[in-house]
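K.L.:
work_26.cif is the file, holding mmCIF, C-alpha atoms:
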data_coords
loop_
_atom_site.group_PDB
_atom_site.id
_atom_site.type_symbol
_atom_site.label_atom_id
_atom_site.label_comp_id
_atom_site.auth_asym_id
_atom_site.auth_seq_id
_atom_site.Cartn_x
_atom_site.Cartn_y
_atom_site.Cartn_z
ATOM 1 C CA MET N 21 0.000 0.000 0.000
ATOM 2 C CA ALA N 22 1.153 3.509 -0.762
ATOM 3 C CA LYS N 23 2.402 5.705 2.065
ATOM 4 C CA ILE N 24 0.106 8.719 2.439
ATOM 5 C CA TYR N 25 0.954 11.831 4.471
ATOM 6 C CA TYR N 26 -1.491 14.298 6.019
ATOM 7 C CA GLU N 27 -1.412 17.560 7.990
ATOM 8 C CA LYS N 28 0.068 16.018 11.128
ATOM 9 C CA ASP N 29 3.016 14.629 9.136
ATOM 10 C CA ALA N 30 4.225 17.995 7.827
ATOM 11 C CA ASP N 31 5.725 21.025 9.551
ATOM 12 C CA LEU N 32 5.591 24.471 7.947
ATOM 13 C CA GLY N 33 8.295 25.534 10.363
ATOM 14 C CA ILE N 34 10.805 23.772 8.091
ATOM 15 C CA LEU N 35 10.370 26.655 5.645
ATOM 16 C CA LYS N 36 10.817 29.402 8.233
ATOM 17 C CA GLY N 37 13.765 31.660 7.421
ATOM 18 C CA LYS N 38 14.311 30.011 4.060
ATOM 19 C CA LYS N 39 14.348 31.853 0.756
ATOM 20 C CA ILE N 40 12.331 30.009 -1.873
ATOM 21 C CA CYS N 41 12.857 30.815 -5.543
ATOM 22 C CA CYS N 42 10.130 29.777 -7.946
ATOM 23 C CA VAL N 43 11.401 29.636 -11.519
ATOM 24 C CA GLY N 44 8.323 30.221 -13.641
ATOM 25 C CA TYR N 45 4.960 31.893 -13.129
ATOM 26 C CA GLY N 46 2.709 29.969 -15.490
ATOM 27 C CA ILE N 47 -0.170 27.652 -14.692
ATOM 28 C CA GLN N 48 1.511 25.854 -11.787
ATOM 29 C CA GLY N 49 4.112 28.490 -10.914
ATOM 30 C CA ARG N 50 1.581 31.192 -10.144
ATOM 31 C CA ALA N 51 -0.736 28.915 -8.167
ATOM 32 C CA GLN N 52 2.019 27.370 -6.075
ATOM 33 C CA SER N 53 3.779 30.687 -5.436
ATOM 34 C CA LEU N 54 0.588 32.389 -4.259
ATOM 35 C CA CYS N 55 -0.216 29.480 -1.934
ATOM 36 C CA LEU N 56 3.317 29.463 -0.525
ATOM 37 C CA LYS N 57 3.194 33.214 0.023
ATOM 38 C CA ASP N 58 -0.168 32.958 1.795
ATOM 39 C CA SER N 59 1.310 30.192 3.961
ATOM 40 C CA GLY N 60 4.006 32.586 5.145
ATOM 41 C CA ALA N 61 6.908 31.501 2.942
ATOM 42 C CA ASN N 62 9.530 33.954 1.664
ATOM 43 C CA ILE N 63 9.037 33.733 -2.095
ATOM 44 C CA VAL N 64 10.978 35.306 -4.955
ATOM 45 C CA ILE N 65 9.957 34.699 -8.552
ATOM 46 C CA GLY N 66 12.596 34.092 -11.224
ATOM 47 C CA LEU N 67 11.470 35.077 -14.712
ATOM 48 C CA ILE N 68 12.448 36.365 -18.102
ATOM 49 C CA LYS N 69 10.726 39.550 -19.283
ATOM 50 C CA ASP N 70 7.449 38.157 -20.606
ATOM 51 C CA PRO N 71 3.733 38.664 -19.805
ATOM 52 C CA THR N 72 4.028 36.517 -16.674
ATOM 53 C CA TRP N 73 6.454 39.101 -15.232
ATOM 54 C CA ASN N 74 3.726 41.747 -15.248
ATOM 55 C CA GLN N 75 1.238 39.304 -13.717
ATOM 56 C CA ALA N 76 3.637 38.439 -10.911
ATOM 57 C CA VAL N 77 4.254 42.112 -10.172
ATOM 58 C CA LYS N 78 0.503 42.752 -10.194
ATOM 59 C CA ASP N 79 0.105 39.896 -7.699
ATOM 60 C CA GLY N 80 2.536 41.642 -5.359
ATOM 61 C CA MET N 81 5.371 39.179 -5.874
ATOM 62 C CA ASN N 82 9.089 39.915 -5.566
ATOM 63 C CA VAL N 83 10.182 39.382 -9.187
ATOM 64 C CA LYS N 84 13.732 39.180 -10.506
ATOM 65 C CA PRO N 85 15.593 37.772 -13.500
ATOM 66 C CA VAL N 86 16.136 34.033 -13.009
ATOM 67 C CA ALA N 87 19.863 34.254 -12.234
ATOM 68 C CA ASP N 88 19.340 36.950 -9.598
ATOM 69 C CA ALA N 89 16.363 35.164 -8.040
ATOM 70 C CA VAL N 90 18.290 31.910 -7.666
ATOM 71 C CA LYS N 91 21.215 33.533 -5.831
ATOM 72 C CA GLY N 92 21.013 32.807 -2.114
ATOM 73 C CA ALA N 93 17.861 30.689 -2.421
ATOM 74 C CA ASP N 94 17.574 27.728 -0.053
ATOM 75 C CA ILE N 95 14.982 26.038 -2.265
ATOM 76 C CA VAL N 96 14.661 26.406 -6.035
ATOM 77 C CA MET N 97 11.377 25.277 -7.570
ATOM 78 C CA MET N 98 11.604 24.397 -11.278
ATOM 79 C CA LEU N 99 8.089 25.146 -12.519
ATOM 80 C CA ILE N 100 8.690 25.909 -16.184
ATOM 81 C CA PRO N 101 7.823 23.520 -19.057
ATOM 82 C CA ASP N 102 9.878 20.328 -19.324
ATOM 83 C CA GLN N 103 11.459 21.288 -22.635
ATOM 84 C CA LEU N 104 12.810 24.575 -21.247
ATOM 85 C CA GLN N 105 14.215 23.329 -17.961
ATOM 86 C CA LYS N 106 17.591 22.037 -19.145
ATOM 87 C CA MET N 107 18.463 25.295 -20.917
ATOM 88 C CA VAL N 108 17.347 27.521 -18.034
ATOM 89 C CA TYR N 109 18.990 25.285 -15.444
ATOM 90 C CA GLU N 110 22.361 25.276 -17.202
ATOM 91 C CA LYS N 111 22.298 28.997 -18.070
ATOM 92 C CA ASP N 112 20.794 30.620 -14.986
ATOM 93 C CA VAL N 113 20.232 28.130 -12.176
ATOM 94 C CA ALA N 114 23.355 25.965 -11.887
ATOM 95 C CA PRO N 115 25.890 28.848 -11.971
ATOM 96 C CA ASN N 116 24.011 30.668 -9.192
ATOM 97 C CA LEU N 117 22.833 27.771 -7.059
ATOM 98 C CA LYS N 118 23.686 28.091 -3.383
ATOM 99 C CA LYS N 119 25.711 25.199 -1.972
ATOM 100 C CA GLY N 120 23.325 22.701 -0.406
ATOM 101 C CA ALA N 121 20.195 24.317 -1.865
ATOM 102 C CA ALA N 122 17.253 21.997 -2.424
ATOM 103 C CA ILE N 123 15.797 21.690 -5.939
ATOM 104 C CA ASP N 124 12.085 20.954 -6.288
ATOM 105 C CA PHE N 125 10.282 19.667 -9.379
ATOM 106 C CA ALA N 126 6.596 19.144 -10.137
ATOM 107 C CA HIS N 127 7.383 16.429 -12.696
ATOM 108 C CA GLY N 128 10.381 14.131 -12.894
ATOM 109 C CA PHE N 129 11.044 14.257 -16.655
ATOM 110 C CA ASN N 130 14.363 16.105 -16.601
ATOM 111 C CA ILE N 131 15.772 14.123 -13.687
ATOM 112 C CA VAL N 132 14.681 10.679 -14.862
ATOM 113 C CA PHE N 133 16.018 11.212 -18.381
ATOM 114 C CA LYS N 134 19.189 12.860 -17.012
ATOM 115 C CA ARG N 135 18.765 16.151 -18.808
ATOM 116 C CA ILE N 136 19.493 17.889 -15.502
ATOM 117 C CA ILE N 137 22.217 16.564 -13.208
ATOM 118 C CA PRO N 138 21.970 18.366 -9.835
ATOM 119 C CA PRO N 139 25.011 18.716 -7.579
ATOM 120 C CA LYS N 140 25.510 15.931 -5.047
ATOM 121 C CA ASP N 141 25.066 18.298 -2.094
ATOM 122 C CA SER N 142 21.527 19.277 -3.137
ATOM 123 C CA ASP N 143 18.313 17.673 -1.976
ATOM 124 C CA VAL N 144 16.347 16.787 -5.098
ATOM 125 C CA ILE N 145 12.638 16.581 -4.335
ATOM 126 C CA MET N 146 9.308 16.493 -6.076
ATOM 127 C CA VAL N 147 5.980 17.924 -5.011
ATOM 128 C CA ALA N 148 3.457 17.252 -7.764
ATOM 129 C CA PRO N 149 -0.119 18.450 -7.181
ATOM 130 C CA LYS N 150 -2.580 16.189 -8.996
ATOM 131 C CA GLY N 151 -4.608 18.994 -10.465
ATOM 132 C CA PRO N 152 -4.215 22.045 -12.711
ATOM 133 C CA GLY N 153 -2.893 25.250 -11.192
ATOM 134 C CA LYS N 154 -6.305 26.889 -11.140
ATOM 135 C CA LEU N 155 -7.658 24.052 -8.988
ATOM 136 C CA VAL N 156 -4.587 24.086 -6.731
ATOM 137 C CA ARG N 157 -5.237 27.741 -6.001
ATOM 138 C CA SER N 158 -9.036 27.659 -5.725
ATOM 139 C CA THR N 159 -9.119 24.685 -3.340
ATOM 140 C CA PHE N 160 -6.404 26.301 -1.208
ATOM 141 C CA GLU N 161 -8.486 29.479 -0.953
ATOM 142 C CA GLU N 162 -11.476 27.345 0.064
ATOM 143 C CA GLY N 163 -9.441 25.939 2.952
ATOM 144 C CA PHE N 164 -8.674 22.572 1.421
ATOM 145 C CA GLY N 165 -6.284 21.462 -1.326
ATOM 146 C CA VAL N 166 -5.692 18.948 -4.084
ATOM 147 C CA PRO N 167 -3.886 15.648 -3.424
ATOM 148 C CA ALA N 168 -0.228 15.561 -4.401
ATOM 149 C CA LEU N 169 2.650 13.195 -4.988
ATOM 150 C CA VAL N 170 5.953 13.519 -3.163
ATOM 151 C CA ALA N 171 9.275 11.922 -4.112
ATOM 152 C CA ILE N 172 12.913 12.132 -3.061
ATOM 153 C CA GLU N 173 15.701 11.587 -5.595
ATOM 154 C CA GLN N 174 18.589 12.882 -3.449
ATOM 155 C CA ASN N 175 18.574 13.306 0.317
ATOM 156 C CA ALA N 176 21.827 15.174 0.844
ATOM 157 C CA SER N 177 20.659 17.029 3.960
ATOM 158 C CA GLY N 178 18.871 14.104 5.553
ATOM 159 C CA LYS N 179 15.757 16.303 5.670
ATOM 160 C CA ALA N 180 14.616 16.164 2.049
ATOM 161 C CA LEU N 181 11.285 14.501 2.848
ATOM 162 C CA GLN N 182 10.517 17.033 5.578
ATOM 163 C CA ILE N 183 11.185 19.885 3.132
ATOM 164 C CA ALA N 184 8.985 18.312 0.464
ATOM 165 C CA LEU N 185 6.146 17.725 2.929
ATOM 166 C CA ALA N 186 6.414 21.307 4.197
ATOM 167 C CA ILE N 187 5.999 22.579 0.627
ATOM 168 C CA ALA N 188 3.063 20.231 0.128
ATOM 169 C CA LYS N 189 1.469 21.540 3.319
ATOM 170 C CA ALA N 190 1.992 25.131 2.179
ATOM 171 C CA LEU N 191 0.049 24.251 -0.978
ATOM 172 C CA GLY N 192 -2.808 22.734 1.028
ATOM 173 C CA ALA N 193 -2.061 19.254 -0.333
ATOM 174 C CA THR N 194 -1.649 17.572 3.064
ATOM 175 C CA ARG N 195 -5.278 18.423 3.840
ATOM 176 C CA ALA N 196 -6.276 16.054 1.031
ATOM 177 C CA GLY N 197 -3.376 13.598 1.210
ATOM 178 C CA VAL N 198 0.128 13.304 -0.206
ATOM 179 C CA ILE N 199 1.193 9.981 -1.700
ATOM 180 C CA GLN N 200 4.849 8.970 -1.647
ATOM 181 C CA THR N 201 6.305 7.793 -4.949
ATOM 182 C CA THR N 202 9.602 7.944 -6.844
ATOM 183 C CA PHE N 203 10.737 10.225 -9.651
ATOM 184 C CA LYS N 204 10.823 7.226 -11.995
ATOM 185 C CA GLU N 205 7.349 5.989 -11.103
ATOM 186 C CA GLU N 206 5.757 9.436 -11.345
ATOM 187 C CA THR N 207 7.395 10.255 -14.668
ATOM 188 C CA GLU N 208 6.740 6.986 -16.441
ATOM 189 C CA THR N 209 3.148 6.619 -15.256
ATOM 190 C CA ASP N 210 2.391 10.279 -16.017
ATOM 191 C CA LEU N 211 3.679 10.026 -19.591
ATOM 192 C CA PHE N 212 1.897 6.704 -20.070
ATOM 193 C CA GLY N 213 -1.409 8.131 -18.831
ATOM 194 C CA GLU N 214 -1.132 11.148 -21.135
ATOM 195 C CA GLN N 215 -0.286 9.112 -24.222
ATOM 196 C CA VAL N 216 -2.351 5.961 -23.838
ATOM 197 C CA ASP N 217 -5.422 7.043 -21.892
ATOM 198 C CA LEU N 218 -6.124 10.633 -20.899
ATOM 199 C CA CYS N 219 -5.022 12.557 -23.982
ATOM 200 C CA GLY N 220 -3.843 10.325 -26.818
ATOM 201 C CA GLY N 221 -5.963 7.226 -26.361
ATOM 202 C CA CYS N 222 -9.139 9.081 -25.418
ATOM 203 C CA SER N 223 -8.988 11.586 -28.275
ATOM 204 C CA GLU N 224 -8.296 8.872 -30.871
ATOM 205 C CA MET N 225 -11.116 6.711 -29.516
ATOM 206 C CA ILE N 226 -13.485 9.671 -29.870
ATOM 207 C CA LYS N 227 -12.347 10.524 -33.397
ATOM 208 C CA LYS N 228 -12.459 6.960 -34.690
ATOM 209 C CA SER N 229 -15.896 6.359 -33.119
ATOM 210 C CA PHE N 230 -17.134 9.520 -34.835
ATOM 211 C CA GLU N 231 -15.674 8.431 -38.182
ATOM 212 C CA VAL N 232 -17.298 4.975 -37.995
ATOM 213 C CA LEU N 233 -20.750 6.483 -37.439
ATOM 214 C CA VAL N 234 -20.396 9.147 -40.142
ATOM 215 C CA GLU N 235 -18.998 6.646 -42.645
ATOM 216 C CA ALA N 236 -22.034 4.465 -41.908
ATOM 217 C CA GLY N 237 -24.319 7.311 -42.984
ATOM 218 C CA TYR N 238 -25.346 8.883 -39.665
ATOM 219 C CA GLN N 239 -25.548 12.643 -39.278
ATOM 220 C CA PRO N 240 -22.269 14.138 -38.004
ATOM 221 C CA GLU N 241 -24.131 16.203 -35.416
ATOM 222 C CA ILE N 242 -25.780 13.119 -33.943
ATOM 223 C CA ALA N 243 -22.476 11.249 -33.969
ATOM 224 C CA TYR N 244 -20.803 14.153 -32.149
ATOM 225 C CA PHE N 245 -23.379 14.079 -29.364
ATOM 226 C CA GLU N 246 -23.110 10.318 -28.912
ATOM 227 C CA VAL N 247 -19.331 9.864 -28.906
ATOM 228 C CA LEU N 248 -17.973 13.183 -27.608
ATOM 229 C CA HIS N 249 -20.510 15.425 -25.909
ATOM 230 C CA GLU N 250 -21.856 12.748 -23.562
ATOM 231 C CA LEU N 251 -18.382 11.526 -22.605
ATOM 232 C CA LYS N 252 -18.072 14.134 -19.847
ATOM 233 C CA LEU N 253 -21.192 12.751 -18.167
ATOM 234 C CA ILE N 254 -19.623 9.296 -18.049
ATOM 235 C CA VAL N 255 -16.209 10.537 -16.904
ATOM 236 C CA ASP N 256 -17.858 12.530 -14.105
ATOM 237 C CA LEU N 257 -19.610 9.353 -12.936
ATOM 238 C CA ILE N 258 -16.338 7.414 -13.030
ATOM 239 C CA GLN N 259 -14.487 10.125 -11.127
ATOM 240 C CA ALA N 260 -17.190 10.252 -8.469
ATOM 241 C CA GLY N 261 -17.692 6.521 -7.940
ATOM 242 C CA GLY N 262 -15.129 4.546 -9.925
ATOM 243 C CA VAL N 263 -15.905 2.342 -12.914
ATOM 244 C CA GLU N 264 -18.443 0.271 -10.981
ATOM 245 C CA GLY N 265 -20.083 3.440 -9.729
ATOM 246 C CA MET N 266 -20.545 4.480 -13.349
ATOM 247 C CA TRP N 267 -22.161 1.165 -14.249
ATOM 248 C CA ARG N 268 -24.631 1.618 -11.388
ATOM 249 C CA ASN N 269 -25.704 4.970 -12.794
ATOM 250 C CA VAL N 270 -26.336 4.138 -16.450
ATOM 251 C CA SER N 271 -29.149 2.132 -17.988
ATOM 252 C CA ASN N 272 -29.103 -1.664 -17.929
ATOM 253 C CA THR N 273 -28.907 -1.569 -21.715
ATOM 254 C CA ALA N 274 -25.821 0.642 -21.615
ATOM 255 C CA GLU N 275 -24.276 -1.512 -18.905
ATOM 256 C CA TYR N 276 -24.811 -4.813 -20.715
ATOM 257 C CA GLY N 277 -23.656 -3.428 -24.053
ATOM 258 C CA GLY N 278 -20.643 -1.751 -22.513
ATOM 259 C CA ARG N 279 -19.551 -4.688 -20.369
ATOM 260 C CA THR N 280 -19.841 -7.182 -23.249
ATOM 261 C CA ARG N 281 -18.606 -5.092 -26.210
ATOM 262 C CA GLY N 282 -16.003 -2.923 -24.480
ATOM 263 C CA PRO N 283 -13.484 -5.769 -24.018
ATOM 264 C CA VAL N 284 -13.938 -6.711 -27.689
ATOM 265 C CA ILE N 285 -12.888 -3.217 -28.774
ATOM 266 C CA MET N 286 -10.153 -2.779 -26.170
ATOM 267 C CA ASP N 287 -8.744 -6.273 -26.598
ATOM 268 C CA ASP N 288 -5.327 -7.812 -25.972
ATOM 269 C CA SER N 289 -3.963 -6.356 -29.216
ATOM 270 C CA VAL N 290 -4.651 -2.864 -27.859
ATOM 271 C CA LYS N 291 -3.062 -3.826 -24.550
ATOM 272 C CA GLU N 292 0.060 -4.974 -26.389
ATOM 273 C CA LYS N 293 0.278 -1.604 -28.148
ATOM 274 C CA MET N 294 0.008 0.026 -24.726
ATOM 275 C CA ARG N 295 2.939 -2.093 -23.542
ATOM 276 C CA ARG N 296 5.011 -0.915 -26.508
ATOM 277 C CA ALA N 297 4.198 2.690 -25.705
ATOM 278 C CA LEU N 298 5.285 2.100 -22.100
ATOM 279 C CA LYS N 299 8.571 0.560 -23.274
ATOM 280 C CA ASP N 300 9.269 3.647 -25.391
ATOM 281 C CA ILE N 301 8.779 5.753 -22.270
ATOM 282 C CA GLN N 302 10.877 3.526 -20.005
ATOM 283 C CA SER N 303 13.768 3.298 -22.462
ATOM 284 C CA GLY N 304 13.940 7.060 -22.989
ATOM 285 C CA LYS N 305 13.009 6.711 -26.670
ATOM 286 C CA PHE N 306 9.992 8.992 -26.320
ATOM 287 C CA ALA N 307 11.943 11.599 -24.336
ATOM 288 C CA ASP N 308 14.673 11.698 -26.992
ATOM 289 C CA GLU N 309 12.102 11.980 -29.763
ATOM 290 C CA TRP N 310 10.252 14.796 -27.988
ATOM 291 C CA MET N 311 13.408 16.799 -27.299
ATOM 292 C CA LYS N 312 14.578 16.459 -30.924
ATOM 293 C CA GLU N 313 11.128 17.601 -32.068
ATOM 294 C CA TYR N 314 11.270 20.630 -29.781
ATOM 295 C CA GLU N 315 14.816 21.553 -30.778
ATOM 296 C CA ALA N 316 13.844 21.326 -34.469
ATOM 297 C CA GLY N 317 11.079 23.898 -33.961
ATOM 298 C CA LEU N 318 8.120 21.510 -33.535
ATOM 299 C CA PRO N 319 7.572 20.725 -37.250
ATOM 300 C CA ARG N 320 5.626 17.516 -36.691
ATOM 301 C CA LEU N 321 3.554 18.910 -33.838
ATOM 302 C CA LYS N 322 2.642 22.031 -35.826
ATOM 303 C CA LYS N 323 1.556 19.875 -38.758
ATOM 304 C CA LEU N 324 -0.568 17.675 -36.490
ATOM 305 C CA ARG N 325 -2.177 20.755 -34.912
ATOM 306 C CA GLU N 326 -3.044 22.171 -38.324
ATOM 307 C CA GLU N 327 -4.498 18.873 -39.521
ATOM 308 C CA GLY N 328 -6.490 18.513 -36.304
ATOM 309 C CA THR N 329 -8.335 21.804 -36.711
ATOM 310 C CA LYS N 330 -9.551 20.729 -40.166
ATOM 311 C CA GLU N 331 -11.038 17.396 -39.097
ATOM 312 C CA GLN N 332 -14.810 17.077 -39.479
ATOM 313 C CA ILE N 333 -15.381 16.401 -35.803
ATOM 314 C CA GLU N 334 -13.807 19.773 -34.957
ATOM 315 C CA VAL N 335 -15.819 21.682 -37.557
ATOM 316 C CA VAL N 336 -19.093 20.069 -36.449
ATOM 317 C CA GLY N 337 -18.150 20.414 -32.791
ATOM 318 C CA ALA N 338 -17.642 24.155 -33.052
ATOM 319 C CA ASP N 339 -21.255 24.546 -34.199
ATOM 320 C CA ILE N 340 -22.586 22.142 -31.559
ATOM 321 C CA ARG N 341 -20.752 23.896 -28.731
ATOM 322 C CA ARG N 342 -22.321 27.197 -29.733
ATOM 323 C CA MET N 343 -25.720 25.645 -28.976
ATOM 324 C CA PHE N 344 -24.669 25.449 -25.326
ATOM 325 C CA SER N 345 -23.238 28.946 -25.051
ATOM 326 C CA LYS N 346 -25.194 31.838 -23.638
ATOM 327 C CA LYS N 347 -26.469 34.108 -26.391
#
Once you've parsed the file, please lay out its structure as structure tokens.

P.N.:
Amino acid sequence: MAKIYYEKDADLGILKGKKICCVGYGIQGRAQSLCLKDSGANIVIGLIKDPTWNQAVKDGMNVKPVADAVKGADIVMMLIPDQLQKMVYEKDVAPNLKKGAAIDFAHGFNIVFKRIIPPKDSDVIMVAPKGPGKLVRSTFEEGFGVPALVAIEQNASGKALQIALAIAKALGATRAGVIQTTFKEETETDLFGEQVDLCGGCSEMIKKSFEVLVEAGYQPEIAYFEVLHELKLIVDLIQAGGVEGMWRNVSNTAEYGGRTRGPVIMDDSVKEKMRRALKDIQSGKFADEWMKEYEAGLPRLKKLREEGTKEQIEVVGADIRRMFSKK
């Protein structure tokens, strides 16, 4: 069973007197920094001159260029996109990192695939809220928080876990529960979930279901409602009560059809393809491919984005979604 930490397991006092530098002020950076500030932490934001700089200033944050913000920091939080971290770390973080400073990540990508090699005297920790930044902030303001994952890659000080749990508590995560994991487990399962289920697998299932119905002569608008629009209703049921909870809240016809035909569609051949995707993640093949794509200027991704906007399901969907907007 997973080890789960709560409020009593974390001490905000660990952060007292420490300077915390948050590199980045995007979706997670802003939410986490505001929560830390409200929890009494001494926060400085490290940024380049972009729109997030103005937002941070407007929020009353102490904002500096990355190199200056990192200097003297006891904890450096790397909350910029994965593909930017190596460059920013090597240029601005590593040369200015205080001896013994802890480095915190919200995702293990750059550590697991050895794009960033921290000094041996640094604690290397992860606090990964399991929710978007907006939810992290809103639940904190409501007096609760979203669950989080915590992991320790290096424990140079002997207090790495205590530091990570203090950060989690400052975000409100210990009110919900913080699950202990490893950098490797978090990274590989996160990438797998994105590719095979949550983003890649789900979107392709929707599109191919739509195509089958339209190719069979059904109206695109009807197909859209049946395979895409109603999906949120089902996902909400699953989130609230698990898969079995969903089955208890749909019709007997839907349950019988789903339980008997679902395994035929998602059969062992699909499972084998999932295993191959996981192997690409575990071996580092996907990470190498993604970094080469980014460094080349995203040619394949841009092409896929352009093609996606032209697909029939997107054209039809735009009209359908307007039916649900307030006039």

K.L.:
Considering only C-alpha atoms, state which residue in the set N:Val216, N:Leu155, N:Ala274, N:Ala114 is at the smallest distance from N:Gly192.

P.N.:
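The answer is N:Leu155, which sits nearest to N:Gly192.
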
K.L.:
Find, counting all atoms listed in the file, the residue in N:Arg135, N:Arg341, N:Asp88, N:Gln332 that gets nearest to N:Glu235.

P.N.:
N:Gln332

K.L.:
Give me the residues near N:Ala176 as an MDAnalysis selection string, where near means some atom within 10 Å (using all atoms listed in the file) and where sequence neighbours in that chain fewer than 6 positions away do not count.

P.N.:
chainID N and resid 120:122 139:144

K.L.:
With the cut-off set at 8 Å and counting only C-alpha atoms, tabulate each residue of stretch 206-260 of chain N with an atom at most that distance from an atom of stretch 298-320 of chain N, showing the nearest atom pair and its distance in Å to one decimal, ordered by chain and increasing number, as a Markdown table.

P.N.:
| residue | atom | partner | partner_atom | distance |
| --- | --- | --- | --- | --- |
| N:Glu208 | CA | N:Ile301 | CA | 6.3 |
| N:Leu211 | CA | N:Ile301 | CA | 7.2 |
| N:Phe212 | CA | N:Leu298 | CA | 6.1 |

K.L.:
Might you spell out which residues the PyMOL selection byres ((chain N and resi 89) around 10) would select in the displayed file, as a ChimeraX atom specification?

P.N.:
/N:39-43,63-67,82-88,90-93,96,112-113,116-117

K.L.:
May I have the residues within 10 Å of N:Met81 as a short mmCIF file (atom, residue, chain, number, x, y, z; two decimals) with C-alpha atoms, keeping the file's coordinate frame, using all atoms listed in the file and disregarding those fewer than 6 positions away in the same chain?

P.N.:
data_model
loop_
_atom_site.label_atom_id
_atom_site.label_comp_id
_atom_site.auth_asym_id
_atom_site.auth_seq_id
_atom_site.Cartn_x
_atom_site.Cartn_y
_atom_site.Cartn_z
CA ARG N 50 1.58 31.19 -10.14
CA SER N 53 3.78 30.69 -5.44
CA LEU N 54 0.59 32.39 -4.26
CA LYS N 57 3.19 33.21 0.02
CA ILE N 63 9.04 33.73 -2.10
CA VAL N 64 10.98 35.31 -4.96
CA ILE N 65 9.96 34.70 -8.55
CA TRP N 73 6.45 39.10 -15.23
CA ASN N 74 3.73 41.75 -15.25
CA GLN N 75 1.24 39.30 -13.72
#

K.L.:
Atom CA of N:Ser229 and atom CA of N:Met286, how far apart in Å?

P.N.:
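Atom CA of N:Ser229 lies 12.8 Å from atom CA of N:Met286.
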
K.L.:
Record the distance separating atom CA of N:Met107 and atom CA of N:Pro138, expressed in Å with one decimal.

P.N.:
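Atom CA of N:Pro138 lies at a distance of 13.5 Å from atom CA of N:Met107.
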
K.L.:
Which residue, N:Arg296, N:Lys111, N:Arg195, N:Lys28, has the smallest gap to N:Gly163 when you use all atoms listed in the file?

P.N.:
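Between N:Arg296, N:Lys111, N:Arg195, N:Lys28, the residue approaching N:Gly163 most closely is N:Arg195.
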
K.L.:
Can you list what the PyMOL selection byres ((chain N and resi 207) around 9) grabs from this structure, as an mmCIF file with C-alpha atoms, in the frame of the given file?

P.N.:
data_model
loop_
_atom_site.group_PDB
_atom_site.id
_atom_site.type_symbol
_atom_site.label_atom_id
_atom_site.label_comp_id
_atom_site.auth_asym_id
_atom_site.auth_seq_id
_atom_site.Cartn_x
_atom_site.Cartn_y
_atom_site.Cartn_z
ATOM 1 C CA HIS N 127 7.383 16.429 -12.696
ATOM 2 C CA GLY N 128 10.381 14.131 -12.894
ATOM 3 C CA PHE N 129 11.044 14.257 -16.655
ATOM 4 C CA VAL N 132 14.681 10.679 -14.862
ATOM 5 C CA THR N 202 9.602 7.944 -6.844
ATOM 6 C CA PHE N 203 10.737 10.225 -9.651
ATOM 7 C CA LYS N 204 10.823 7.226 -11.995
ATOM 8 C CA GLU N 205 7.349 5.989 -11.103
ATOM 9 C CA GLU N 206 5.757 9.436 -11.345
ATOM 10 C CA GLU N 208 6.740 6.986 -16.441
ATOM 11 C CA THR N 209 3.148 6.619 -15.256
ATOM 12 C CA ASP N 210 2.391 10.279 -16.017
ATOM 13 C CA LEU N 211 3.679 10.026 -19.591
ATOM 14 C CA PHE N 212 1.897 6.704 -20.070
ATOM 15 C CA ILE N 301 8.779 5.753 -22.270
#

K.L.:
Would you work out the distance separating atom CA of N:Val263 from atom CA of N:Arg279, expressed in Å to one decimal?

P.N.:
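Here the two named atoms are 10.9 Å from each other.
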
K.L.:
Counting all atoms listed in the file, figure out which residue out of N:Ala180, N:Leu35, N:Ala148, N:Ile226 gets nearest to N:Val198.

P.N.:
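Once distances to N:Val198 are computed over all atoms listed in the file, the minimum belongs to N:Ala148.
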
K.L.:
Restricting the calculation to only C-alpha atoms, which member of N:Ile172, N:Met98, N:Val166, N:Ala297 is positioned closest to N:Ile136?

P.N.:
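For N:Ile136, the nearest of the candidates is N:Met98.
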
K.L.:
In file coordinates, which residues lie within 10 Å of (4.1, 34.0, -18.0) using all atoms listed in the file, given as JSON, numbers by chain?

P.N.:
{"N": [44, 45, 46, 47, 49, 50, 67, 68, 69, 70, 71, 72, 73, 74, 75, 76, 100]}

K.L.:
Quick check on the file I pasted: which residues fall under the PyMOL selection byres ((chain N and resi 154) around 10)? Write them as a short mmCIF file (atom, residue, chain, number, x, y, z; two decimals) with C-alpha atoms, keeping the file's coordinate frame.

P.N.:
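Heads up, here's the output in part-v2.cif:
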data_model
loop_
_atom_site.label_atom_id
_atom_site.label_comp_id
_atom_site.auth_asym_id
_atom_site.auth_seq_id
_atom_site.Cartn_x
_atom_site.Cartn_y
_atom_site.Cartn_z
CA ILE N 47 -0.17 27.65 -14.69
CA GLN N 48 1.51 25.85 -11.79
CA ARG N 50 1.58 31.19 -10.14
CA ALA N 51 -0.74 28.92 -8.17
CA GLN N 52 2.02 27.37 -6.08
CA GLY N 151 -4.61 18.99 -10.46
CA PRO N 152 -4.22 22.04 -12.71
CA GLY N 153 -2.89 25.25 -11.19
CA LEU N 155 -7.66 24.05 -8.99
CA VAL N 156 -4.59 24.09 -6.73
CA ARG N 157 -5.24 27.74 -6.00
CA SER N 158 -9.04 27.66 -5.72
CA THR N 159 -9.12 24.68 -3.34
CA PHE N 160 -6.40 26.30 -1.21
#

K.L.:
With only C-alpha atoms as the basis for distance, which of N:Gly178, N:Gly197, N:Gly278, N:Ile340 is at the shortest distance from N:Glu241?

P.N.:
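Using only C-alpha atoms, the shortest distance to N:Glu241 belongs to N:Ile340.
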
K.L.:
Taking only residues of stretch 209-328 of chain N that have an atom at most 9 Å from an atom of stretch 333-337 of chain N, what is each one's shortest atom pair and its distance in Å to one decimal, using all atoms listed in the file, in chain and number order, as a tab-separated table?

P.N.:
residue	atom	partner	partner_atom	distance
N:Lys227	CA	N:Ile333	CA	7.0
N:Phe230	CA	N:Ile333	CA	7.2
N:Glu231	CA	N:Ile333	CA	8.3
N:Pro240	CA	N:Val336	CA	6.9
N:Glu241	CA	N:Val336	CA	6.4
N:Ala243	CA	N:Ile333	CA	9.0
N:Tyr244	CA	N:Gly337	CA	6.8
N:Phe245	CA	N:Gly337	CA	8.9
N:Leu248	CA	N:Gly337	CA	8.9
N:His249	CA	N:Gly337	CA	8.8
N:Gly328	CA	N:Glu334	CA	7.5
